[in-house]
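> start-v4.txt is reproduced in full below (compact mmCIF, C-alpha atoms).
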```txt
# COMPACT_ATOMS: atom_id res chain seq x y z
CA MET L 1 160.37 119.66 209.30
CA ALA L 2 160.61 116.80 206.79
CA SER L 3 162.28 117.63 203.55
CA SER L 4 160.40 117.46 200.24
CA ALA L 5 162.54 114.43 199.28
CA THR L 6 161.32 112.61 202.40
CA ARG L 7 157.67 113.50 201.72
CA LYS L 8 157.74 112.20 198.15
CA THR L 9 156.67 108.58 197.65
CA SER L 10 159.23 106.44 195.91
CA PRO L 11 158.25 105.51 192.32
CA LEU L 12 159.28 101.96 193.18
CA LYS L 13 156.78 101.88 196.03
CA ILE L 14 154.04 103.21 193.78
CA LEU L 15 154.85 100.54 191.21
CA GLY L 16 154.83 97.83 193.89
CA ALA L 17 151.52 99.01 195.31
CA THR L 18 149.99 99.13 191.85
CA PHE L 19 151.21 95.62 191.13
CA LEU L 20 149.77 94.27 194.37
CA LEU L 21 146.48 96.03 193.70
CA GLY L 22 146.37 94.46 190.23
CA VAL L 23 147.07 90.99 191.62
CA PHE L 24 144.31 91.44 194.21
CA ALA L 25 141.86 92.55 191.52
CA VAL L 26 142.68 89.52 189.36
CA LEU L 27 142.30 87.13 192.30
CA LEU L 28 139.00 88.76 193.27
CA TYR L 29 137.76 88.38 189.69
CA GLN L 30 138.75 84.70 189.61
CA PHE L 31 137.03 84.12 192.94
CA GLY L 32 133.87 85.71 191.56
CA LEU L 33 134.00 83.40 188.55
CA PHE L 34 134.50 80.39 190.81
CA VAL L 35 131.42 81.34 192.84
CA MET L 36 129.44 81.54 189.58
CA VAL L 37 130.73 78.11 188.55
CA ILE L 38 129.55 76.68 191.88
CA TRP L 39 126.13 78.30 191.39
CA LEU L 40 125.84 76.85 187.89
CA SER L 41 126.65 73.38 189.16
CA ILE L 42 123.17 73.23 190.71
CA ASN L 43 121.22 75.97 188.86
CA ASN L 44 120.25 76.15 185.19
CA PRO L 45 121.26 79.35 183.36
CA SER L 46 118.68 81.25 181.33
CA SER L 47 121.37 82.50 178.95
CA SER L 48 125.13 82.69 178.42
CA ALA L 49 127.72 85.29 177.48
CA PHE L 50 127.83 83.94 173.93
CA MET L 51 124.04 83.97 173.61
CA LYS L 52 123.87 87.56 174.81
CA ALA L 53 126.60 88.62 172.39
CA THR L 54 124.84 86.88 169.49
CA LEU L 55 121.49 88.48 170.33
CA SER L 56 123.08 91.91 170.56
CA GLU L 57 124.71 91.42 167.16
CA LEU L 58 121.45 90.27 165.56
CA GLN L 59 119.45 93.12 167.06
CA ALA L 60 121.92 95.65 165.68
CA THR L 61 120.39 95.01 162.24
CA ASP L 62 116.99 93.67 163.35
CA PRO L 63 115.67 95.07 166.67
CA SER L 64 112.96 92.40 166.73
CA ALA L 65 115.45 89.50 166.53
CA ARG L 66 115.06 86.77 169.14
CA LEU L 67 116.92 83.58 170.02
CA GLU L 68 115.42 80.10 169.69
CA TYR L 69 116.18 78.46 173.03
CA LYS L 70 114.59 76.11 175.55
CA TRP L 71 116.31 74.31 178.40
CA VAL L 72 115.81 70.55 178.71
CA ASP L 73 117.18 68.31 181.43
CA TYR L 74 119.88 65.72 180.73
CA GLY L 75 117.41 62.84 180.63
CA GLN L 76 115.39 64.62 177.94
CA ILE L 77 118.33 64.66 175.50
CA SER L 78 118.87 61.69 173.21
CA THR L 79 121.83 59.49 174.05
CA ASN L 80 122.54 59.63 170.31
CA LEU L 81 123.27 63.35 170.55
CA LYS L 82 125.40 62.94 173.66
CA ARG L 83 127.55 60.33 171.96
CA ALA L 84 127.67 62.21 168.66
CA VAL L 85 128.92 65.41 170.26
CA ILE L 86 131.56 63.56 172.31
CA ALA L 87 132.69 61.61 169.22
CA SER L 88 132.92 64.79 167.17
CA GLU L 89 134.23 67.34 169.65
CA ASP L 90 136.06 65.54 172.46
CA ALA L 91 136.54 61.76 172.28
CA ASN L 92 138.38 61.70 175.63
CA PHE L 93 135.75 63.80 177.42
CA THR L 94 135.03 61.28 180.16
CA ASP L 95 138.74 60.75 180.92
CA HIS L 96 140.47 64.14 180.91
CA GLU L 97 140.42 66.83 183.62
CA GLY L 98 139.20 69.69 181.45
CA VAL L 99 142.19 70.42 179.21
CA GLU L 100 144.08 68.24 176.73
CA TRP L 101 147.49 69.86 176.35
CA ASP L 102 148.55 67.52 173.56
CA ALA L 103 145.55 68.59 171.46
CA ILE L 104 146.39 72.24 172.12
CA ARG L 105 149.99 71.71 171.00
CA LYS L 106 148.85 69.97 167.81
CA ALA L 107 146.36 72.76 167.08
CA TRP L 108 149.11 75.35 167.67
CA LYS L 109 151.44 73.67 165.15
CA TYR L 110 148.64 73.25 162.62
CA ASN L 111 147.63 76.90 162.92
CA LEU L 112 151.24 78.03 162.44
CA ARG L 113 151.44 76.01 159.22
CA GLN L 114 148.13 77.45 158.05
CA ALA L 115 149.32 81.00 158.74
CA GLU L 116 152.55 80.38 156.84
CA ARG L 117 150.52 79.21 153.84
CA GLY L 118 148.22 82.22 154.06
CA LYS L 119 145.17 80.12 154.93
CA SER L 120 142.54 81.17 157.43
CA LYS L 121 141.12 77.80 158.53
CA MET L 122 142.26 77.19 162.10
CA ARG L 123 141.86 74.53 164.80
CA GLY L 124 141.06 75.24 168.42
CA GLY L 125 142.09 72.07 170.25
CA SER L 126 139.45 72.82 172.90
CA THR L 127 137.68 70.20 174.98
CA ILE L 128 133.93 70.27 175.61
CA THR L 129 134.72 71.73 179.04
CA GLN L 130 136.74 74.57 177.50
CA GLN L 131 133.99 75.27 174.99
CA LEU L 132 131.46 75.41 177.81
CA ALA L 133 133.69 77.86 179.71
CA LYS L 134 133.89 80.10 176.63
CA ASN L 135 130.14 79.92 175.94
CA LEU L 136 129.17 80.66 179.53
CA PHE L 137 131.55 83.45 180.43
CA LEU L 138 133.71 84.68 177.55
CA SER L 139 133.65 86.10 174.04
CA GLY L 140 134.56 84.49 170.75
CA ALA L 141 137.68 86.64 170.41
CA ARG L 142 140.87 84.73 169.58
CA THR L 143 143.36 86.23 172.04
CA TYR L 144 145.92 84.67 174.37
CA LEU L 145 144.29 86.40 177.34
CA ARG L 146 140.88 84.94 176.53
CA LYS L 147 142.41 81.50 175.97
CA GLY L 148 144.22 81.67 179.29
CA GLN L 149 141.02 82.55 181.12
CA GLU L 150 139.26 79.71 179.30
CA LEU L 151 141.83 77.22 180.63
CA ILE L 152 141.43 78.47 184.21
CA LEU L 153 137.65 78.24 183.95
CA ALA L 154 137.87 74.73 182.51
CA TYR L 155 139.77 73.53 185.59
CA MET L 156 137.27 75.31 187.86
CA ILE L 157 134.35 73.63 186.10
CA GLU L 158 135.91 70.17 186.26
CA ALA L 159 136.70 70.65 189.96
CA VAL L 160 133.09 71.45 190.82
CA MET L 161 130.86 69.71 188.27
CA SER L 162 130.30 66.11 187.24
CA LYS L 163 130.86 65.11 183.61
CA GLN L 164 127.12 64.66 183.25
CA ARG L 165 126.44 68.22 184.42
CA ILE L 166 129.13 69.62 182.12
CA LEU L 167 127.61 67.84 179.12
CA GLU L 168 124.10 68.87 180.14
CA LEU L 169 125.13 72.53 180.22
CA TYR L 170 127.09 72.27 176.99
CA LEU L 171 124.24 70.67 175.03
CA ASN L 172 121.80 73.28 176.30
CA LEU L 173 124.01 76.28 175.51
CA ALA L 174 125.78 75.29 172.27
CA GLN L 175 124.96 77.34 169.19
CA TRP L 176 123.29 75.31 166.42
CA GLY L 177 122.18 78.02 164.03
CA THR L 178 122.17 81.75 163.39
CA ASN L 179 119.85 82.30 166.35
CA THR L 180 119.37 78.71 167.55
CA PHE L 181 120.85 77.58 170.86
CA GLY L 182 120.57 74.31 172.73
CA ALA L 183 119.65 70.76 171.79
CA GLN L 184 115.87 71.20 172.08
CA ALA L 185 115.73 74.30 169.88
CA ALA L 186 118.07 72.64 167.37
CA ALA L 187 115.94 69.49 167.18
CA ARG L 188 112.82 71.58 166.57
CA HIS L 189 114.57 73.92 164.12
CA TYR L 190 116.07 71.26 161.85
CA TYR L 191 113.92 68.14 162.30
CA LYS L 192 110.62 69.27 163.87
CA THR L 193 111.14 66.84 166.73
CA ASP L 194 112.31 66.91 170.35
CA ALA L 195 115.87 66.51 171.59
CA ALA L 196 114.87 63.21 173.24
CA ARG L 197 113.78 61.73 169.88
CA LEU L 198 116.84 62.46 167.73
CA ASN L 199 118.01 59.41 165.81
CA SER L 200 121.68 58.61 165.23
CA TYR L 201 121.92 60.34 161.83
CA GLN L 202 120.16 63.50 163.03
CA ALA L 203 122.36 63.62 166.12
CA ALA L 204 125.53 63.14 164.07
CA GLN L 205 124.49 65.87 161.65
CA LEU L 206 123.91 68.31 164.52
CA ALA L 207 127.33 67.43 165.92
CA ALA L 208 128.89 68.03 162.50
CA MET L 209 127.35 71.52 162.43
CA LEU L 210 128.92 72.66 165.71
CA PRO L 211 132.17 74.16 164.34
CA ASN L 212 130.23 76.53 162.04
CA PRO L 213 126.52 76.58 162.98
CA ASP L 214 125.65 79.86 161.27
CA TYR L 215 126.99 78.59 157.94
CA TYR L 216 125.26 75.20 158.16
CA ASP L 217 121.99 76.84 159.12
CA ARG L 218 122.07 78.32 155.60
CA HIS L 219 123.82 75.38 153.86
CA ARG L 220 122.31 72.18 155.22
CA ASN L 221 123.22 69.72 152.48
CA THR L 222 126.88 70.25 151.60
CA THR L 223 129.11 67.38 150.54
CA TYR L 224 131.39 67.97 153.52
CA LEU L 225 128.49 67.98 155.99
CA ARG L 226 127.19 64.66 154.65
CA SER L 227 130.67 63.13 154.78
CA ARG L 228 131.37 64.42 158.28
CA THR L 229 127.99 63.18 159.49
CA ALA L 230 128.72 59.68 158.19
CA THR L 231 132.09 59.68 159.96
CA ILE L 232 130.52 60.72 163.26
CA VAL L 233 127.85 58.01 162.98
CA LYS L 234 130.64 55.42 162.84
CA ARG L 235 132.56 56.99 165.75
CA MET L 236 129.52 57.22 167.99
CA ARG L 237 129.69 53.50 168.67
CA GLN L 238 133.18 53.90 170.15
CA VAL L 239 132.33 56.43 172.89
CA ASP L 240 130.15 56.41 176.00
CA ALA L 241 128.11 59.23 177.44
CA PRO L 242 128.33 59.95 181.18
```
Let's see the structure in the file written out as C-alpha cells.

Amino acid sequence: MASSATRKTSPLKILGATFLLGVFAVLLYQFGLFVMVIWLSINNPSSSAFMKATLSELQATDPSARLEYKWVDYGQISTNLKRAVIASEDANFTDHEGVEWDAIRKAWKYNLRQAERGKSKMRGGSTITQQLAKNLFLSGARTYLRKGQELILAYMIEAVMSKQRILELYLNLAQWGTNTFGAQAAARHYYKTDAARLNSYQAAQLAAMLPNPDYYDRHRNTTYLRSRTATIVKRMRQVDAP
C-alpha cells in the first residue's frame, strides 16, 4: 500500500499546474479578443466598452440618461475631421504599426516630472490605434495591466485592419461630450450639421476637445480651446487621411 507521502501531490507540481492553467487562460482570452478584432474589421459595432461604462455611470444618477450616437460610414465623414484628428492625436498615424514607443517614453518621463512637482496633468503617448483599442475593449483605468493589454490589442488591430478602417471606427466611437459619441452625433450636438459637412475650423475644434470631452461640452469657448483649435487648423495641411 502506498504511503501517505507518496499519495500527497507535491506543492511544486500544484504550483506548476496552476501556472500552466493561468497561461492557458490568458492565451484563450487573447485569442477571444483577436476573434473579436477580426469580426470588427468587417462589422460595425453598436457600442463599445467605454460607451457602456459611460452610460452606466450616467444612469447611476439619472436612470433615463441616454447616449447621443449614430454610426456613419467613412465616406460620410468630412476629410477635415479626419485630418484634424490625425494632426491633433497622432501625426504619424499612417506610418506606424500601432504603437510609437518613443512617444510612450517621452510621456513616461513627462509624467514622472509632473508627479515630482505634485501636478496631476498627465500625457498618455497613445496612438489612435491604442485609443481605439481602449475605447472598444477596455476601461479608462490607468494601470500597467490595462496599458499592456492596450498595446497587445493595438498590434492585433493593425495586423487585421486597414488604416482607413481603424480611423473609421475611431471617429465613430470617440467621446465628444458628456453623453455624445461619434463624429455624426458630435457634429449635430455642437454645430447642428452632419459629419460630412464639417468645415476646417469646426473639425479642428472637435479634435481639440478629444482629450477632455466632458469638460469642453460644458466649457466651449475657453482661451486654450481657441488657441489649440487654431494650431490644429495649421497642422491639418501637413497630414493626409487614409
> Neighbours of Gln184 (chain L) within 7 Å (all atoms listed in the file; same-chain residues fewer than 5 positions away dropped), as a ChimeraX atom specification?
/L:70,72,194-195
> Find the distance between CA of Leu67 (chain L) and CA of Leu171 (chain L) and write it in Å to one decimal.
15.7 Å
> Calculate how many Å separate CA of Asn80 (chain L) from CA of Leu198 (chain L), rounding to one decimal.
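Going from CA of Asn80 (chain L) over to CA of Leu198 (chain L) covers 6.9 Å.
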> Could I get the residues of region 136-192 of chain L with an atom no further than 12 Å from an atom of region 23-30 of chain L, each paired with its nearest atom pair and that distance in Å to one decimal, using only C-alpha atoms, sorted by chain and residue number, as a tab-separated table?

```
residue	atom	partner	partner_atom	distance
L:Phe137	CA	L:Gln30	CA	11.7
L:Gln149	CA	L:Gln30	CA	9.0
L:Glu150	CA	L:Gln30	CA	11.5
L:Ile152	CA	L:Gln30	CA	8.7
L:Leu153	CA	L:Gln30	CA	8.7
L:Tyr155	CA	L:Gln30	CA	11.9
L:Met156	CA	L:Gln30	CA	9.7
```
> As an exercise, work out the distance from CA of Gln205 (chain L) to CA of Lys109 (chain L) in Å and give it to one decimal place.
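Between these atoms lies a distance of 28.3 Å.
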> Can you pull out every residue within 6 Å of region 86-94 of chain L, counting only C-alpha atoms, but drop anything in the same chain fewer than 4 positions away, and send it as a list of chain:residue names?
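Close residues of region 86-94 of chain L: L:Thr127, L:Arg235, L:Met236.
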> With distances taken over all atoms listed in the file, which residue among L:Ala84, L:Ala241, L:Ala208, L:Leu33 lies nearest Ala154 (chain L)?
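The closest residue to Ala154 (chain L) is L:Leu33.
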> Just the residues within 12 Å of Met51 (chain L), please, counting all atoms listed in the file, with nothing from its chain fewer than 6 positions along; format it as a ChimeraX atom specification.
/L:45,57-58,66-69,134-140,172-182
